[in-house]
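Take a look at the structure below.
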There are 2 protein chains.
Amino acid sequence: MAGSDVAGARVGRVLDAAGELLVRWGYQRVTIDEVARHAGIGKGTVYLHFRTKDALFLAVLLRAQAGVAERAAQRAEADPEHAMPARLVRTLYLELSADPVLRAMYLSDVEILGRLAHEAADTIGELTAHRDHVLDEHLRLLREAGCLRADLTLPEMRYTFDAIATGFIVVDGFSGSHRPPPLAVEERADLLERAIAAAIQVPEPPAAELARVAPAVAQLYRSLLDHIDHDEWRPRGR
Amino acid sequence: MAGSDVAGARVGRVLDAAGELLVRWGYQRVTIDEVARHAGIGKGTVYLHFRTKDALFLAVLLRAQAGVAERAAQRAEADPEHAMPARLVRTLYLELSADPVLRAMYLSDVEILGRLAHEAADTIGELTAHRDHVLDEHLRLLREAGCLRADLTLPEMRYTFDAIATGFIVVDGFSGSHRPPPLAVEERADLLERAIAAAIQVPEPPAAELARVAPAVAQLYRSLLDHIDHDEWRPRGR
DNA sequence: TGTTGACCAGATGCGCAAATCTGGTCAACC
DNA sequence: GGTTGACCAGATTTGCGCATCTGGTCAACA
């Protein structure tokens, strides 16, 4: 080959092409041939990197998920404020709004993901379980650091968090022929942040305590990366 | 006939039967014949009260919606506390949890409503628009009465309200094979109330002001009843 | 050695006619 | 009158063979 970095870049181009076609046409209508053509390579070459069609698109989803986790970790490291759930979910909301692949994945959009919606859930079940666990741990750490309300139990906070976040993500596509959202993305993100903050956080989180646990929170999200099995989609011969 | 009250009661039984079969089998699979049998009358008799199949099930949905509005009005009249959005939505959540017809309607459950999901939206469009308006007015009244936060505009509050309420209603059916909700209905309703309260209400609403506007709020919800056109589903001859 | 695209089998989709179902009517019955 | 259920037309579903498509392979090529 012409060098592993070149090959790595090519894998990236394949994933880019696959992701773009995925959200434009939906899993069913996208052919490997088309993905290869958009990536500027031959169809067979795709199979040098990905075992099957399912594996290819699974990789698309996992790369998106990994990006979210990695960036969340970086932000928490750079600024403890971003370790607060409200701030975290604000950025996640903006990322979801900007990336159709992420949106499809988080909404389990059957129209786009097709059979992948069910299939992927099985394959990445362990990762999903771990993500659940990470969020629980995240809340636990912050609660013990006095950054979250003490009058809610952890399960209660977790449920509230999930419900509000889900609501903001889902509500735009509701009410049938609802008027186009009168609020800009940034403003909706702000509202989401404020809603989560008001619901589960204390009014003024102790900065020192927060700075103390932020690295652990970052590590928590980075640990998600370890749970992504890269051999999952590689062809048999390594 | 044997008396209009008897006929009225029979209409009720037909609607009961239709509603029950609707949520059990979905619109498509329910036949008028079956509804009539479950109501203990002949098929032709159904058509004495309802113009078409669509009209019958439309009446099912509208009766449920009318019940919600009427009860909301009554509660607001009996206790001003219930005029607060958080308390209102708490009860709505419990009603949704208990009544599959309401749930299907509010979630636009295509699986259950079938073509009715799109059809009904057109037919009851005016009612839906008015319901939207009522909620806007409700928030406006309370904000002017000093019961809602002053640091959010009305559209912002409305969006937040919709998002959180939608989230709590929708989230249970999410995350694919999510574990059965670890929280009881009542507790989830409490969390919803607290989340809405924290997001858009002031910590301690002025009781006097609230009592002053509560009747107007009640009237607002009762006005929804006027927007239900009972001739919508009646056969041509009155 | 790395890459390709022609090739194949199985899956998917299409067209169409036969069979079934069901919303709505109305003559007959109470 | 009030009520019913047999009846009918149109819509929907089913069955099925034919044609097309596409995921995945691998011999040939550069």
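Labeling convention for the structure tokens: chains A, B, ... as they appear, residues from 1 per chain, ligands from 1 in order of appearance.
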Give me the residues of chain B that have any atom at most 9 Å from an atom of chain C; for each, the nearest atom pair and the distance in Å, rounded to one decimal. Use only C-alpha atoms (C1' of nucleotides), sort by chain and number, and format it as JSON lines.
{"residue": "B:Thr31", "atom": "CA", "partner": "C:DT22", "partner_atom": "C1'", "distance": 7.1}
{"residue": "B:Ile32", "atom": "CA", "partner": "C:DG23", "partner_atom": "C1'", "distance": 7.8}
{"residue": "B:Asp33", "atom": "CA", "partner": "C:DT22", "partner_atom": "C1'", "distance": 8.8}
{"residue": "B:Gly44", "atom": "CA", "partner": "C:DG24", "partner_atom": "C1'", "distance": 8.8}
{"residue": "B:Tyr47", "atom": "CA", "partner": "C:DG24", "partner_atom": "C1'", "distance": 8.3}
{"residue": "B:Thr52", "atom": "CA", "partner": "C:DG24", "partner_atom": "C1'", "distance": 7.8}
{"residue": "B:Lys53", "atom": "CA", "partner": "C:DG23", "partner_atom": "C1'", "distance": 7.4}
**In region 88-178 of chain A, DSSP helix (DSSP H, G or I) residues written as a count of residues only** = 70
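Nearest to Pro182 (chain A) of all the residues B:Gly42, B:Pro206, B:Gly125, B:Pro155 is B:Pro155, counting only C-alpha atoms.
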Using only C-alpha atoms (C1' of nucleotides), what does the table of chain D residues within 12 Å of chain A look like, with each row giving the shortest atom pair and its distance in Å to one decimal, sorted by chain and ascending number, as JSON lines?
{"residue": "D:DC21", "atom": "C1'", "partner": "A:Thr31", "partner_atom": "CA", "distance": 10.0}
{"residue": "D:DT22", "atom": "C1'", "partner": "A:Thr31", "partner_atom": "CA", "distance": 7.1}
{"residue": "D:DG23", "atom": "C1'", "partner": "A:Lys53", "partner_atom": "CA", "distance": 7.4}
{"residue": "D:DG24", "atom": "C1'", "partner": "A:Thr52", "partner_atom": "CA", "distance": 7.8}
{"residue": "D:DT25", "atom": "C1'", "partner": "A:Gly44", "partner_atom": "CA", "distance": 8.9}
{"residue": "D:DC26", "atom": "C1'", "partner": "A:Gly44", "partner_atom": "CA", "distance": 9.8}
Quick check: residues of chain B within 7 Å of chain A, only C-alpha atoms, returned as a PDB file with N, CA and C atoms, in the first residue's frame.
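In the end it all went to out.pdb:
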ATOM      1  N   THR B 160     -39.994  25.741  25.908  1.00  0.00           N
ATOM      2  CA  THR B 160     -39.479  24.934  27.012  1.00  0.00           C
ATOM      3  C   THR B 160     -40.561  24.015  27.565  1.00  0.00           C
ATOM      4  N   ALA B 163     -41.249  21.212  25.120  1.00  0.00           N
ATOM      5  CA  ALA B 163     -40.137  20.268  25.029  1.00  0.00           C
ATOM      6  C   ALA B 163     -40.099  19.343  26.239  1.00  0.00           C
ATOM      7  N   ILE B 164     -40.223  19.912  27.420  1.00  0.00           N
ATOM      8  CA  ILE B 164     -40.141  19.090  28.630  1.00  0.00           C
ATOM      9  C   ILE B 164     -41.328  18.139  28.720  1.00  0.00           C
ATOM     10  N   THR B 166     -43.239  17.032  26.307  1.00  0.00           N
ATOM     11  CA  THR B 166     -43.062  16.012  25.270  1.00  0.00           C
ATOM     12  C   THR B 166     -42.032  14.980  25.693  1.00  0.00           C
ATOM     13  N   GLY B 167     -40.947  15.455  26.254  1.00  0.00           N
ATOM     14  CA  GLY B 167     -39.886  14.557  26.682  1.00  0.00           C
ATOM     15  C   GLY B 167     -40.372  13.513  27.669  1.00  0.00           C
ATOM     16  N   PHE B 168     -41.079  13.950  28.687  1.00  0.00           N
ATOM     17  CA  PHE B 168     -41.554  12.997  29.699  1.00  0.00           C
ATOM     18  C   PHE B 168     -42.552  12.007  29.103  1.00  0.00           C
ATOM     19  N   VAL B 171     -40.283   9.728  26.438  1.00  0.00           N
ATOM     20  CA  VAL B 171     -39.028   9.068  26.792  1.00  0.00           C
ATOM     21  C   VAL B 171     -39.194   7.600  27.166  1.00  0.00           C
ATOM     22  N   LEU B 191     -41.792  14.274  39.075  1.00  0.00           N
ATOM     23  CA  LEU B 191     -40.572  14.803  38.475  1.00  0.00           C
ATOM     24  C   LEU B 191     -40.903  15.778  37.354  1.00  0.00           C
ATOM     25  N   ALA B 195     -39.844  19.607  37.218  1.00  0.00           N
ATOM     26  CA  ALA B 195     -39.007  20.090  36.116  1.00  0.00           C
ATOM     27  C   ALA B 195     -39.637  21.324  35.457  1.00  0.00           C
ATOM     28  N   ALA B 198     -39.470  24.282  37.893  1.00  0.00           N
ATOM     29  CA  ALA B 198     -38.130  24.870  37.982  1.00  0.00           C
ATOM     30  C   ALA B 198     -37.773  25.637  36.721  1.00  0.00           C
ATOM     31  N   ALA B 199     -38.299  25.185  35.598  1.00  0.00           N
ATOM     32  CA  ALA B 199     -37.891  25.784  34.322  1.00  0.00           C
ATOM     33  C   ALA B 199     -38.597  27.102  34.030  1.00  0.00           C
TER      34      ALA B 199
END
**Request:** Find the residues near Leu96 (chain B): any atom within 10 Å, counting only C-alpha atoms (C1' of nucleotides), skip ones fewer than 5 places away on the same chain, and give them as a list in words.
**Result:**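 Residues near the query, excluding close chain neighbours: Val68, Arg90, Thr91, Val101, Leu102, Arg103, Ala104, Met105, Tyr106, Leu107 and Ile169 of chain B.
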**Request:** Enter the distance from CA of Ala216 (chain B) to CA of Gly146 (chain B), in Å, rounded to one decimal.
**Result:**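 Separating CA of Ala216 (chain B) from CA of Gly146 (chain B) is a distance of 15.1 Å.
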**Prompt:** What is the CA of Cys147 (chain B)-CA of Pro205 (chain B) distance in Å, reported with one decimal?
**Reply:**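 We find that CA of Cys147 (chain B) and CA of Pro205 (chain B) lie 4.7 Å from each other.
CA of Arg234 (chain B) sits 9.0 Å away from CA of Leu56 (chain B).
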